[in-house]
$ cat coords-v4.tsv   # TSV, C-alpha atoms
chain	number	residue	atom	x	y	z
A	207	MET	CA	79.88	23.55	27.19
A	208	PRO	CA	81.09	23.62	30.84
A	209	ALA	CA	82.28	27.07	31.91
A	210	PHE	CA	82.94	29.06	35.07
A	211	CYS	CA	84.50	32.33	36.20
A	212	ARG	CA	88.05	32.06	37.54
A	213	ASP	CA	87.57	35.10	39.78
A	214	CYS	CA	84.24	34.54	41.52
A	215	LEU	CA	84.04	30.80	40.65
A	216	ALA	CA	80.43	31.19	39.52
A	217	PRO	CA	79.26	28.49	37.05
A	218	LEU	CA	78.10	29.73	33.65
A	219	ALA	CA	75.33	28.19	31.61
A	220	ALA	CA	77.40	28.86	28.47
A	221	PRO	CA	80.73	30.49	27.59
A	222	ALA	CA	80.60	34.29	27.63
A	223	PRO	CA	83.07	37.15	27.11
A	224	ARG	CA	82.48	38.24	30.73
A	225	CYS	CA	81.12	36.67	33.86
A	226	PRO	CA	77.47	37.76	34.36
A	227	SER	CA	78.01	37.83	38.13
A	228	CYS	CA	81.26	39.82	38.58
A	229	ARG	CA	81.96	41.05	35.01
A	230	SER	CA	85.41	39.45	35.02
A	231	PRO	CA	86.74	38.54	31.56
A	232	ARG	CA	88.53	35.51	33.05
A	233	VAL	CA	85.96	32.95	31.97
A	234	LEU	CA	87.20	29.39	31.43
A	235	ALA	CA	85.35	27.03	29.11
A	236	ASP	CA	86.12	23.67	27.52
A	237	ALA	CA	84.08	20.65	26.52
A	238	GLU	CA	86.16	18.45	28.86
A	239	LEU	CA	86.69	21.09	31.56
A	240	PHE	CA	85.09	19.08	34.37
A	241	ASP	CA	86.41	15.68	33.22
A	242	LEU	CA	90.19	16.30	33.53
A	243	ALA	CA	92.17	15.77	36.72
A	244	ILE	CA	95.94	15.99	36.04
A	245	ALA	CA	97.36	19.45	36.66
A	246	HIS	CA	100.65	21.28	36.60
A	247	VAL	CA	100.80	24.35	38.83
A	248	ASP	CA	103.63	26.83	38.31
A	249	CYS	CA	104.30	30.01	40.28
A	250	ASP	CA	104.83	33.04	38.04
A	251	ALA	CA	108.43	34.37	38.27
A	252	PHE	CA	108.48	32.95	41.79
A	253	TYR	CA	111.59	34.47	43.36
A	254	ALA	CA	110.92	37.89	41.84
A	255	SER	CA	107.26	37.71	42.91
A	256	VAL	CA	108.27	36.99	46.50
A	257	GLU	CA	110.68	39.93	46.46
A	258	LYS	CA	107.96	42.25	45.13
A	259	ARG	CA	105.60	41.00	47.81
A	260	GLU	CA	108.19	41.74	50.49
A	261	ASN	CA	108.98	45.20	49.07
A	262	PRO	CA	105.91	46.83	47.43
A	263	ALA	CA	108.15	49.64	46.11
A	264	LEU	CA	109.42	47.12	43.56
A	265	ARG	CA	105.96	46.37	42.19
A	266	ASP	CA	106.31	48.38	38.97
A	267	GLN	CA	110.07	47.94	38.63
A	268	PRO	CA	111.96	45.41	36.49
A	269	VAL	CA	113.40	43.01	39.07
A	270	ILE	CA	116.19	40.50	38.51
A	271	VAL	CA	117.02	37.91	41.14
A	272	GLY	CA	120.66	36.96	40.80
A	273	GLY	CA	124.00	38.42	41.67
A	274	GLY	CA	127.27	39.75	40.36
A	275	THR	CA	128.22	40.76	36.84
A	276	ARG	CA	129.68	37.28	36.27
A	277	GLY	CA	126.76	35.41	37.78
A	278	VAL	CA	123.54	34.42	36.07
A	279	VAL	CA	119.89	35.39	36.37
A	280	SER	CA	118.04	33.06	38.74
A	281	THR	CA	114.73	34.51	37.62
A	282	CYS	CA	113.24	37.86	36.68
A	283	CYS	CA	109.84	39.48	36.71
A	284	TYR	CA	107.72	39.90	33.60
A	285	ILE	CA	108.62	43.58	33.28
A	286	ALA	CA	112.28	42.60	32.93
A	287	ARG	CA	111.31	39.90	30.43
A	288	ILE	CA	109.79	42.57	28.18
A	289	HIS	CA	113.34	43.93	27.86
A	290	GLY	CA	114.67	40.51	26.82
A	291	VAL	CA	115.97	39.28	30.18
A	292	ARG	CA	115.66	35.52	30.73
A	293	SER	CA	116.51	32.99	33.41
A	294	ALA	CA	120.07	31.60	33.23
A	295	MET	CA	121.20	34.63	31.18
A	296	PRO	CA	124.60	36.03	32.25
A	297	MET	CA	124.10	39.02	34.52
A	298	PHE	CA	126.22	41.34	32.38
A	299	GLU	CA	123.96	40.62	29.39
A	300	ALA	CA	120.79	41.04	31.47
A	301	LEU	CA	121.97	44.44	32.72
A	302	ARG	CA	122.97	45.46	29.20
A	303	ARG	CA	119.43	44.75	28.03
A	304	CYS	CA	117.75	46.24	31.08
A	305	PRO	CA	120.15	48.67	32.81
A	306	GLN	CA	117.36	50.12	34.96
A	307	ALA	CA	116.64	46.73	36.57
A	308	VAL	CA	116.73	46.31	40.33
A	309	VAL	CA	119.00	43.35	41.14
A	310	VAL	CA	118.18	41.38	44.29
A	311	LYS	CA	120.29	38.59	45.72
A	312	PRO	CA	118.42	35.27	46.17
A	313	ARG	CA	117.00	34.54	49.64
A	314	MET	CA	116.43	30.81	49.53
A	315	ALA	CA	115.20	30.48	53.12
A	316	LEU	CA	112.42	32.95	52.39
A	317	TYR	CA	111.49	31.28	49.11
A	318	ALA	CA	111.40	27.87	50.81
A	319	GLU	CA	109.08	29.27	53.48
A	320	VAL	CA	106.62	30.60	50.87
A	321	SER	CA	106.91	27.36	48.91
A	322	ARG	CA	105.92	25.34	51.99
A	323	ALA	CA	102.83	27.51	52.47
A	324	ILE	CA	101.75	26.96	48.85
A	325	ARG	CA	102.52	23.23	49.06
A	326	ASP	CA	100.34	22.91	52.17
A	327	ARG	CA	97.40	24.33	50.21
A	328	MET	CA	97.97	21.86	47.37
A	329	GLN	CA	98.10	18.92	49.78
A	330	ALA	CA	94.86	20.06	51.36
A	331	LEU	CA	93.25	19.31	47.97
A	332	THR	CA	94.97	15.98	47.25
A	333	PRO	CA	97.76	13.84	48.68
A	334	ALA	CA	98.95	13.21	45.11
A	335	VAL	CA	101.28	16.21	44.83
A	336	GLU	CA	104.59	15.71	43.02
A	337	PRO	CA	106.91	18.69	43.57
A	338	LEU	CA	109.34	19.49	40.76
A	339	SER	CA	111.00	22.44	42.48
A	340	LEU	CA	110.14	25.14	45.00
A	341	ASP	CA	107.79	26.80	42.53
A	342	GLU	CA	106.06	24.03	40.57
A	343	ALA	CA	104.32	20.71	41.09
A	344	PHE	CA	102.05	18.15	39.46
A	345	LEU	CA	98.71	17.32	41.10
A	346	ASP	CA	96.38	14.39	40.50
A	347	LEU	CA	92.88	15.42	41.59
A	348	THR	CA	91.15	12.22	40.53
A	349	GLY	CA	88.32	11.44	42.94
A	350	THR	CA	88.49	14.76	44.80
A	351	GLN	CA	85.15	16.14	43.59
A	352	ARG	CA	83.13	14.13	46.11
A	353	LEU	CA	85.45	15.20	48.94
A	354	HIS	CA	85.54	18.93	48.12
A	355	GLY	CA	82.23	19.41	46.39
A	356	ALA	CA	83.66	20.80	43.15
A	357	PRO	CA	85.38	19.44	40.04
A	358	PRO	CA	89.20	19.65	39.82
A	359	ALA	CA	89.14	22.69	37.50
A	360	VAL	CA	87.20	24.74	40.06
A	361	LEU	CA	89.41	23.52	42.92
A	362	LEU	CA	92.49	24.64	41.01
A	363	ALA	CA	91.01	28.06	40.27
A	364	ARG	CA	90.12	28.37	43.95
A	365	LEU	CA	93.69	27.41	44.86
A	366	ALA	CA	95.17	30.03	42.52
A	367	ARG	CA	92.81	32.73	43.81
A	368	GLY	CA	93.59	31.92	47.46
A	369	VAL	CA	97.36	31.83	46.96
A	370	GLU	CA	97.30	35.17	45.18
A	371	THR	CA	94.98	36.80	47.74
A	372	ASP	CA	96.53	35.40	50.90
A	373	LEU	CA	100.19	34.87	49.95
A	374	GLY	CA	100.65	37.49	47.22
A	375	ILE	CA	101.95	35.00	44.63
A	376	SER	CA	100.23	34.37	41.30
A	377	LEU	CA	99.99	30.90	39.76
A	378	SER	CA	99.56	29.54	36.26
A	379	VAL	CA	97.67	26.27	35.91
A	380	GLY	CA	97.68	23.63	33.19
A	381	LEU	CA	94.93	20.99	33.23
A	382	SER	CA	94.91	17.90	31.02
A	383	HIS	CA	94.74	14.11	30.99
A	384	ASN	CA	98.47	13.48	31.60
A	385	LYS	CA	101.58	15.13	33.02
A	386	PHE	CA	103.23	15.94	29.70
A	387	LEU	CA	100.27	17.93	28.44
A	388	ALA	CA	99.50	19.53	31.80
A	389	LYS	CA	103.01	20.98	31.94
A	390	ILE	CA	102.70	22.31	28.40
A	391	ALA	CA	99.31	23.86	29.23
A	392	SER	CA	100.59	25.73	32.28
A	393	ASP	CA	103.02	27.65	30.08
A	394	LEU	CA	100.51	28.72	27.42
A	395	ASP	CA	98.98	31.74	29.11
A	396	LYS	CA	101.44	33.08	31.70
A	397	PRO	CA	101.18	34.92	34.00
A	398	ARG	CA	97.97	34.14	35.95
A	399	GLY	CA	97.01	31.66	33.26
A	400	PHE	CA	94.75	28.63	33.22
A	401	SER	CA	94.85	26.49	30.09
A	402	VAL	CA	93.16	23.20	29.27
A	403	ILE	CA	94.17	20.50	26.79
A	404	GLY	CA	91.46	17.85	26.48
A	405	ARG	CA	91.73	14.38	25.02
A	406	ALA	CA	89.69	15.18	21.92
A	407	GLY	CA	91.85	18.13	20.94
A	408	THR	CA	95.27	16.73	21.85
A	409	GLU	CA	96.50	15.57	18.44
A	410	ALA	CA	95.24	18.69	16.64
A	411	PHE	CA	96.89	20.90	19.26
A	412	LEU	CA	100.25	19.15	18.87
A	413	ALA	CA	100.30	18.66	15.09
A	414	ASP	CA	101.95	21.93	14.03
A	415	LYS	CA	104.29	22.22	17.02
A	416	PRO	CA	108.07	22.00	16.41
A	417	VAL	CA	109.88	18.93	17.74
A	418	ARG	CA	111.62	21.00	20.42
A	419	PHE	CA	108.17	21.34	21.99
A	420	LEU	CA	108.55	17.81	23.35
A	421	TRP	CA	109.87	17.10	26.80
A	422	GLY	CA	113.50	15.96	26.65
A	423	VAL	CA	114.27	17.30	23.15
A	424	GLY	CA	117.34	19.49	23.43
A	425	LEU	CA	119.42	21.04	20.67
A	426	ALA	CA	121.34	17.85	19.84
A	427	THR	CA	118.17	15.74	19.58
A	428	GLN	CA	116.44	18.45	17.57
A	429	GLU	CA	119.31	18.54	15.07
A	430	ALA	CA	119.30	14.73	14.77
A	431	LEU	CA	115.55	14.73	14.12
A	432	GLU	CA	115.83	17.50	11.55
A	433	ARG	CA	118.52	15.56	9.69
A	434	ALA	CA	115.89	12.82	9.35
A	435	GLY	CA	113.40	15.34	7.95
A	436	ILE	CA	111.45	15.60	11.21
A	437	ARG	CA	110.78	19.23	12.07
A	438	ARG	CA	107.23	19.20	13.40
A	439	LEU	CA	105.26	16.71	15.41
A	440	ALA	CA	103.15	15.93	12.35
A	441	ASP	CA	106.39	14.76	10.68
A	442	LEU	CA	107.20	12.62	13.70
A	443	ARG	CA	103.78	10.97	13.61
A	444	ALA	CA	104.38	9.88	10.03
A	445	TRP	CA	107.16	7.57	11.18
A	446	ASP	CA	106.56	4.01	12.26
A	447	LYS	CA	107.31	3.40	15.93
A	448	ALA	CA	109.76	0.57	15.15
A	449	ASP	CA	111.64	2.73	12.63
A	450	LEU	CA	111.98	5.56	15.14
A	451	ALA	CA	113.28	3.14	17.78
A	452	ALA	CA	115.74	1.63	15.31
A	453	ARG	CA	117.14	5.05	14.38
A	454	PHE	CA	116.99	6.89	17.71
A	455	GLY	CA	116.98	4.08	20.28
A	456	ALA	CA	114.79	4.16	23.36
A	457	SER	CA	114.16	7.88	22.95
A	458	GLY	CA	112.60	7.19	19.55
A	459	ALA	CA	109.79	5.15	21.09
A	460	ARG	CA	109.28	7.78	23.78
A	461	LEU	CA	109.02	10.55	21.17
A	462	TRP	CA	106.52	8.46	19.17
A	463	HIS	CA	104.20	8.41	22.19
A	464	LEU	CA	104.72	12.06	23.16
A	465	ALA	CA	104.00	13.25	19.59
A	466	ARG	CA	100.55	11.72	20.07
A	467	GLY	CA	100.10	13.25	23.52
A	468	GLN	CA	100.55	9.89	25.27
A	469	ASP	CA	102.19	9.85	28.69
A	470	ASP	CA	101.41	7.17	31.27
A	471	ARG	CA	103.66	8.46	34.06
A	472	PRO	CA	101.69	8.70	37.32
A	473	VAL	CA	101.80	11.70	39.63
A	474	SER	CA	104.19	10.36	42.27
A	475	PRO	CA	104.24	12.26	45.55
A	476	HIS	CA	107.12	10.12	46.75
A	477	ASP	CA	109.43	10.97	43.86
A	478	GLN	CA	112.38	13.00	45.03
A	479	PRO	CA	115.35	14.72	43.42
A	480	LYS	CA	118.66	12.89	43.23
A	481	SER	CA	120.54	15.86	44.64
A	482	ILE	CA	120.16	19.41	45.92
A	483	SER	CA	122.82	21.96	45.01
A	484	ARG	CA	123.58	25.65	44.87
A	485	GLU	CA	126.48	27.55	43.34
A	486	THR	CA	127.66	31.11	42.83
A	487	THR	CA	129.96	32.77	40.29
A	488	PHE	CA	132.24	35.54	41.52
A	489	ASP	CA	132.61	38.99	39.96
A	490	ALA	CA	136.40	38.46	40.02
A	491	ASP	CA	138.48	35.34	40.54
A	492	LEU	CA	138.79	34.75	44.27
A	493	SER	CA	141.69	33.39	46.33
A	494	ASP	CA	140.99	34.72	49.83
A	495	ALA	CA	140.30	31.72	52.09
A	496	ASP	CA	138.06	33.65	54.50
A	497	LEU	CA	135.88	34.99	51.69
A	498	LEU	CA	135.63	31.55	50.08
A	499	GLN	CA	134.55	30.06	53.40
A	500	GLY	CA	131.91	32.77	53.76
A	501	HIS	CA	130.50	31.86	50.35
A	502	LEU	CA	130.68	28.19	51.28
A	503	TRP	CA	128.61	28.76	54.42
A	504	ARG	CA	125.92	30.73	52.58
A	505	LEU	CA	125.62	28.00	49.95
A	506	ALA	CA	125.44	25.33	52.66
A	507	GLU	CA	122.56	27.28	54.23
A	508	GLN	CA	120.74	27.47	50.90
A	509	VAL	CA	121.14	23.73	50.27
A	510	ALA	CA	119.97	23.01	53.83
A	511	ASP	CA	116.94	25.28	53.36
A	512	ARG	CA	115.89	23.32	50.28
A	513	ALA	CA	116.44	19.98	52.00
A	514	LYS	CA	114.36	21.10	55.00
A	515	ALA	CA	111.61	22.46	52.75
A	516	ARG	CA	111.35	19.10	50.98
A	517	GLY	CA	111.74	16.96	54.10
A	518	LEU	CA	114.94	15.36	52.81
A	519	GLN	CA	118.37	14.49	54.14
A	520	GLY	CA	121.53	13.39	52.34
A	521	ARG	CA	124.57	11.24	52.98
A	522	THR	CA	127.06	12.75	50.50
A	523	VAL	CA	128.32	16.34	50.33
A	524	THR	CA	129.92	17.58	47.10
A	525	LEU	CA	132.14	20.63	46.64
A	526	LYS	CA	132.44	22.12	43.15
A	527	LEU	CA	135.09	24.67	42.21
A	528	LYS	CA	135.79	26.26	38.83
A	529	GLN	CA	139.31	27.58	38.33
A	530	ALA	CA	140.25	30.70	36.40
A	531	ASP	CA	140.95	28.58	33.29
A	532	HIS	CA	137.44	27.06	33.58
A	533	ARG	CA	138.67	23.65	34.72
A	534	ILE	CA	136.27	22.18	37.26
A	535	LEU	CA	137.33	20.47	40.47
A	536	THR	CA	134.82	18.18	42.19
A	537	ARG	CA	135.36	16.71	45.65
A	538	ARG	CA	132.98	14.53	47.69
A	539	ARG	CA	132.71	13.43	51.27
A	540	ALA	CA	130.36	10.81	52.74
A	541	LEU	CA	128.72	11.71	56.06
A	542	ALA	CA	128.70	9.34	59.00
A	543	GLU	CA	124.91	9.68	59.06
A	544	PRO	CA	122.45	11.43	56.71
A	545	ALA	CA	121.92	15.12	57.45
A	546	GLN	CA	119.98	18.17	56.30
A	547	LEU	CA	121.55	20.78	58.58
A	548	ALA	CA	123.69	23.59	57.19
A	549	ASP	CA	126.20	22.95	59.97
A	550	ALA	CA	126.73	19.34	58.87
A	551	ILE	CA	126.99	20.27	55.18
A	552	TRP	CA	129.49	23.04	55.89
A	553	ARG	CA	131.64	20.91	58.18
A	554	ALA	CA	131.90	18.24	55.48
A	555	ALA	CA	132.67	20.71	52.68
A	556	GLU	CA	135.05	23.05	54.53
A	557	PRO	CA	137.99	20.57	54.73
A	558	LEU	CA	137.52	19.83	51.02
A	559	LEU	CA	137.81	23.56	50.29
A	560	ALA	CA	140.87	23.89	52.52
A	561	ALA	CA	142.57	21.02	50.67
A	562	ALA	CA	141.81	22.66	47.30
A	563	GLN	CA	142.91	26.12	48.43
A	564	PRO	CA	146.41	25.86	46.84
A	565	GLN	CA	144.71	25.59	43.44
A	566	ALA	CA	142.98	28.99	43.82
A	567	PRO	CA	141.95	31.43	42.42
A	568	PHE	CA	138.42	30.25	41.72
A	569	ARG	CA	135.66	31.84	39.67
A	570	LEU	CA	132.83	29.62	40.97
A	571	ILE	CA	132.03	27.62	44.07
A	572	GLY	CA	129.15	25.19	44.57
A	573	VAL	CA	127.86	22.81	47.22
A	574	GLY	CA	125.61	19.78	46.77
A	575	LEU	CA	123.87	17.19	48.91
A	576	SER	CA	123.11	13.77	47.36
A	577	ASP	CA	122.19	10.18	48.26
A	578	LEU	CA	118.91	11.67	49.45
A	579	SER	CA	116.27	10.03	51.61
A	580	PRO	CA	113.25	11.22	53.63
A	581	ALA	CA	114.35	13.13	56.71
A	582	SER	CA	114.38	11.00	59.85
A	583	GLY	CA	113.47	13.85	62.19
A	584	HIS	CA	116.43	13.04	64.42
A	585	ASP	CA	119.36	15.46	64.60
A	586	PRO	CA	122.82	14.36	65.81
A	587	ALA	CA	123.08	14.20	69.58
A	588	GLY	CA	126.88	14.43	69.64
A	589	ASP	CA	129.50	11.83	70.50
A	590	LEU	CA	133.11	11.59	71.66
A	591	LEU	CA	134.40	12.73	68.26
A	592	ASP	CA	132.02	15.71	68.07
A	593	PRO	CA	130.46	16.44	71.47
A	594	GLY	CA	129.07	19.82	70.32
A	595	ALA	CA	126.99	18.45	67.42
A	596	GLY	CA	123.76	18.30	69.42
A	597	LYS	CA	124.03	21.88	70.66
A	598	ARG	CA	124.80	23.18	67.17
A	599	ALA	CA	121.82	21.28	65.74
A	600	ALA	CA	119.49	22.72	68.40
A	601	ALA	CA	120.83	26.22	67.72
A	602	GLU	CA	120.22	25.87	63.98
A	603	ARG	CA	116.65	24.66	64.50
A	604	ALA	CA	116.02	27.58	66.86
A	605	ALA	CA	117.41	29.99	64.26
A	606	ASP	CA	115.09	28.45	61.64
A	607	ARG	CA	112.09	29.13	63.88
A	608	ILE	CA	113.18	32.73	64.44
A	609	ARG	CA	113.59	33.34	60.69
A	610	ALA	CA	110.23	31.74	59.95
A	611	ARG	CA	108.57	34.16	62.36
A	612	PHE	CA	110.55	37.36	61.87
A	613	GLY	CA	112.09	37.05	58.39
A	614	ALA	CA	115.13	35.59	56.69
A	615	ASP	CA	117.51	38.27	57.99
A	616	ALA	CA	116.34	38.12	61.62
A	617	ILE	CA	119.38	36.08	62.65
A	618	ILE	CA	122.64	35.68	60.75
A	619	LYS	CA	125.65	33.52	61.63
A	620	GLY	CA	128.96	35.35	61.88
A	621	ARG	CA	130.71	33.36	59.18
A	622	ALA	CA	127.99	34.46	56.71
A	623	LEU	CA	129.39	38.02	56.97
A	624	ARG	CA	132.78	37.10	55.55

$ encode --input "coords-v4.tsv" --output "structure tokens"
Amino acid sequence: MPAFCRDCLAPLAAPAPRCPSCRSPRVLADAELFDLAIAHVDCDAFYASVEKRENPALRDQPVIVGGGTRGVVSTCCYIARIHGVRSAMPMFEALRRCPQAVVVKPRMALYAEVSRAIRDRMQALTPAVEPLSLDEAFLDLTGTQRLHGAPPAVLLARLARGVETDLGISLSVGLSHNKFLAKIASDLDKPRGFSVIGRAGTEAFLADKPVRFLWGVGLATQEALERAGIRRLADLRAWDKADLAARFGASGARLWHLARGQDDRPVSPHDQPKSISRETTFDADLSDADLLQGHLWRLAEQVADRAKARGLQGRTVTLKLKQADHRILTRRRALAEPAQLADAIWRAAEPLLAAAQPQAPFRLIGVGLSDLSPASGHDPAGDLLDPGAGKRAAAERAADRIRARFGADAIIKGRALR
């Protein structure tokens, strides 16, 4: 059976509890180990890991990345997870479960910078990299063995080792014969995991799994399936494909295939998100126009950071506001030309906020950029209506270069201090 050590990458003649060369217990073995090429790579607790890398004093502390007692957890480290903290959990509940946690506000520019460094290493292995977010991506390593002199499994282990050694971020890897199973595999052995689901073992692996295990099955779909007596994937397989489609529509046919581990979606490096957005929930309902504009600017910067990291630009800016009674106001503005700069996003959203100001107080504010396309590489030069646009664009690019070299807090715009 093919096997190798994930730490020293030495090949093993047969599976063993420890590597004969370096004595590491992280030996990987599978009958199809060197035949599979579709991978899902996921950074472990990415934001929290970056914060611990930046501040070693946090290494053994429970860390929550988020903000405010009425906000939510963006992510948390595995120490915090032991106490029951989870992503998207309200901050007040997270702090109730783990009162000793260190809470750190998100620094999207920094996370985007680290994400770019990891992405560069992935693309050095294969051009077929499909990012899902800053911290995860699919890779298709078909045909890369001849180029790199090692099978995909070894290349992925080498990638994980290099990212952890050089960048201080650990990865979990899932390797299989399609995207659906690769994503499942990457979550089986976190953190620092590497799991394999081969073709021969796919149906046996899935048989006893609950239906919520499938991609796209939320609570409503799960309840509908359970009303039909379908609780596990083995139950789902007992149904005829036509009967599933007749009862559940197009999703029925999709679930029929997924229950058998079938997924023909290619790894598409050119796929892109439909929108990029960020939002924040306030500790107390907020009416002050200056403070709201300060929050708006910081969100515009975070959206711009993500757009720049992904090489995207957008034509539509959206402002989202939640009032004290939880009603949501949404306002949009089309840009004269696509943009990815924080300055352009803020200047489109700020008049929308000013117009909505009489409806304050607000408990949440969000900014989004949509109608996305690949970035053109050309910033606005300015015109009669906005002669300063070119200078502001050049200043923002210069600030980006300074932050990339000296850190996210090396230069801060005045309105961010409101």

$ closest_residue --input "coords-v4.tsv" --among "A:Arg398, A:Arg232, A:Arg292, A:Lys385" --to "Glu336 (chain A)" --atoms "only C-alpha atoms"
A:Lys385

$ atom_distance --input "coords-v4.tsv" --atom1 "CA of Pro221 (chain A)" --atom2 "CA of Met207 (chain A)"
7.0 Å

$ residues_around --input "coords-v4.tsv" --residues "region 366-374 of chain A" --least-positions-apart "6" --cutoff "10 Å" --atoms "all atoms listed in the file" --output "PyMOL selection string"
chain A and resi 212-215+247-249+255-256+258-260+320+323-324+327-328+360+398-400

$ write_last_selection --input "coords-v4.tsv" --atoms "C-alpha atoms" --output "short mmCIF file (atom, residue, chain, number, x, y, z; two decimals), in the coordinates of the input"
data_model
loop_
_atom_site.label_atom_id
_atom_site.label_comp_id
_atom_site.auth_asym_id
_atom_site.auth_seq_id
_atom_site.Cartn_x
_atom_site.Cartn_y
_atom_site.Cartn_z
CA ARG A 212 88.05 32.06 37.54
CA ASP A 213 87.57 35.10 39.78
CA CYS A 214 84.24 34.54 41.52
CA LEU A 215 84.04 30.80 40.65
CA VAL A 247 100.80 24.35 38.83
CA ASP A 248 103.63 26.83 38.31
CA CYS A 249 104.30 30.01 40.28
CA SER A 255 107.26 37.71 42.91
CA VAL A 256 108.27 36.99 46.50
CA LYS A 258 107.96 42.25 45.13
CA ARG A 259 105.60 41.00 47.81
CA GLU A 260 108.19 41.74 50.49
CA VAL A 320 106.62 30.60 50.87
CA ALA A 323 102.83 27.51 52.47
CA ILE A 324 101.75 26.96 48.85
CA ARG A 327 97.40 24.33 50.21
CA MET A 328 97.97 21.86 47.37
CA VAL A 360 87.20 24.74 40.06
CA ARG A 398 97.97 34.14 35.95
CA GLY A 399 97.01 31.66 33.26
CA PHE A 400 94.75 28.63 33.22
#

$ residues_around --input "coords-v4.tsv" --residues "Pro223 (chain A)" --least-positions-apart "6" --cutoff "10 Å" --atoms "all atoms listed in the file" --output "list in words"
Arg229, Ser230, Pro231, Arg232, Val233 and Leu234 of chain A

$ residues_around --input "coords-v4.tsv" --residues "Ser339 (chain A)" --least-positions-apart "3" --cutoff "9 Å" --atoms "only C-alpha atoms" --output "count of residues only"
3

$ residues_around --input "coords-v4.tsv" --residues "Leu518 (chain A)" --least-positions-apart "4" --cutoff "6 Å" --atoms "only C-alpha atoms" --output "list of chain:residue names"
A:Ala513, A:Ser579, A:Pro580, A:Ala581

$ residues_around --input "coords-v4.tsv" --residues "Arg537 (chain A)" --least-positions-apart "4" --cutoff "8 Å" --atoms "only C-alpha atoms" --output "mmCIF file with C-alpha atoms, in the coordinates of the input"
data_model
loop_
_atom_site.group_PDB
_atom_site.id
_atom_site.type_symbol
_atom_site.label_atom_id
_atom_site.label_comp_id
_atom_site.auth_asym_id
_atom_site.auth_seq_id
_atom_site.Cartn_x
_atom_site.Cartn_y
_atom_site.Cartn_z
ATOM 1 C CA THR A 524 129.920 17.580 47.100
ATOM 2 C CA LEU A 525 132.140 20.630 46.640
ATOM 3 C CA LYS A 526 132.440 22.120 43.150
ATOM 4 C CA LEU A 558 137.520 19.830 51.020
#

$ closest_residue --input "coords-v4.tsv" --among "A:Pro564, A:Pro268, A:Pro544, A:Gly422" --to "Val308 (chain A)" --atoms "all atoms listed in the file"
A:Pro268

$ atom_distance --input "coords-v4.tsv" --atom1 "CA of Val417 (chain A)" --atom2 "CA of Leu242 (chain A)"
25.4 Å

$ atom_distance --input "coords-v4.tsv" --atom1 "CA of Ala545 (chain A)" --atom2 "CA of Asp606 (chain A)"
15.6 Å

$ residues_near_point --input "coords-v4.tsv" --point "(132.0, 27.7, 53.4)" --cutoff "9 Å" --atoms "all atoms listed in the file" --output "MDAnalysis selection string"
chainID A and resid 496:506 552:553 555:556 559 573 621:622

$ closest_residue --input "coords-v4.tsv" --among "A:Asp414, A:Asp489, A:Asp395, A:Glu319" --to "Met297 (chain A)" --atoms "only C-alpha atoms"
A:Asp489

$ closest_residue --input "coords-v4.tsv" --among "A:Ala540, A:Leu425, A:Leu442, A:Val402" --to "Glu238 (chain A)" --atoms "only C-alpha atoms"
A:Val402

$ closest_residue --input "coords-v4.tsv" --among "A:Val278, A:Glu429, A:Ser392, A:Leu439" --to "Leu412 (chain A)" --atoms "all atoms listed in the file"
A:Leu439

$ closest_residue --input "coords-v4.tsv" --among "A:Pro557, A:Pro475, A:Pro567, A:Gly407" --to "Val335 (chain A)" --atoms "all atoms listed in the file"
A:Pro475

$ decode --input "coords-v4.tsv" --residues "region 383-399 of chain A" --atoms "C-alpha atoms" --output "mmCIF file, in the first residue's frame"
data_model
loop_
_atom_site.group_PDB
_atom_site.id
_atom_site.type_symbol
_atom_site.label_atom_id
_atom_site.label_comp_id
_atom_site.auth_asym_id
_atom_site.auth_seq_id
_atom_site.Cartn_x
_atom_site.Cartn_y
_atom_site.Cartn_z
ATOM 1 C CA HIS A 383 -11.479 12.076 -6.846
ATOM 2 C CA ASN A 384 -13.908 15.036 -6.847
ATOM 3 C CA LYS A 385 -14.548 18.371 -5.158
ATOM 4 C CA PHE A 386 -17.428 17.230 -2.954
ATOM 5 C CA LEU A 387 -15.413 14.477 -1.325
ATOM 6 C CA ALA A 388 -12.197 16.499 -1.140
ATOM 7 C CA LYS A 389 -13.978 19.183 0.880
ATOM 8 C CA ILE A 390 -15.438 16.572 3.224
ATOM 9 C CA ALA A 391 -12.010 14.973 3.660
ATOM 10 C CA SER A 392 -10.297 18.221 4.630
ATOM 11 C CA ASP A 393 -12.598 18.534 7.639
ATOM 12 C CA LEU A 394 -12.112 15.000 8.983
ATOM 13 C CA ASP A 395 -8.855 15.447 10.882
ATOM 14 C CA LYS A 396 -8.447 19.136 11.760
ATOM 15 C CA PRO A 397 -6.143 20.778 12.636
ATOM 16 C CA ARG A 398 -3.033 19.859 10.600
ATOM 17 C CA GLY A 399 -4.968 17.029 9.009
#
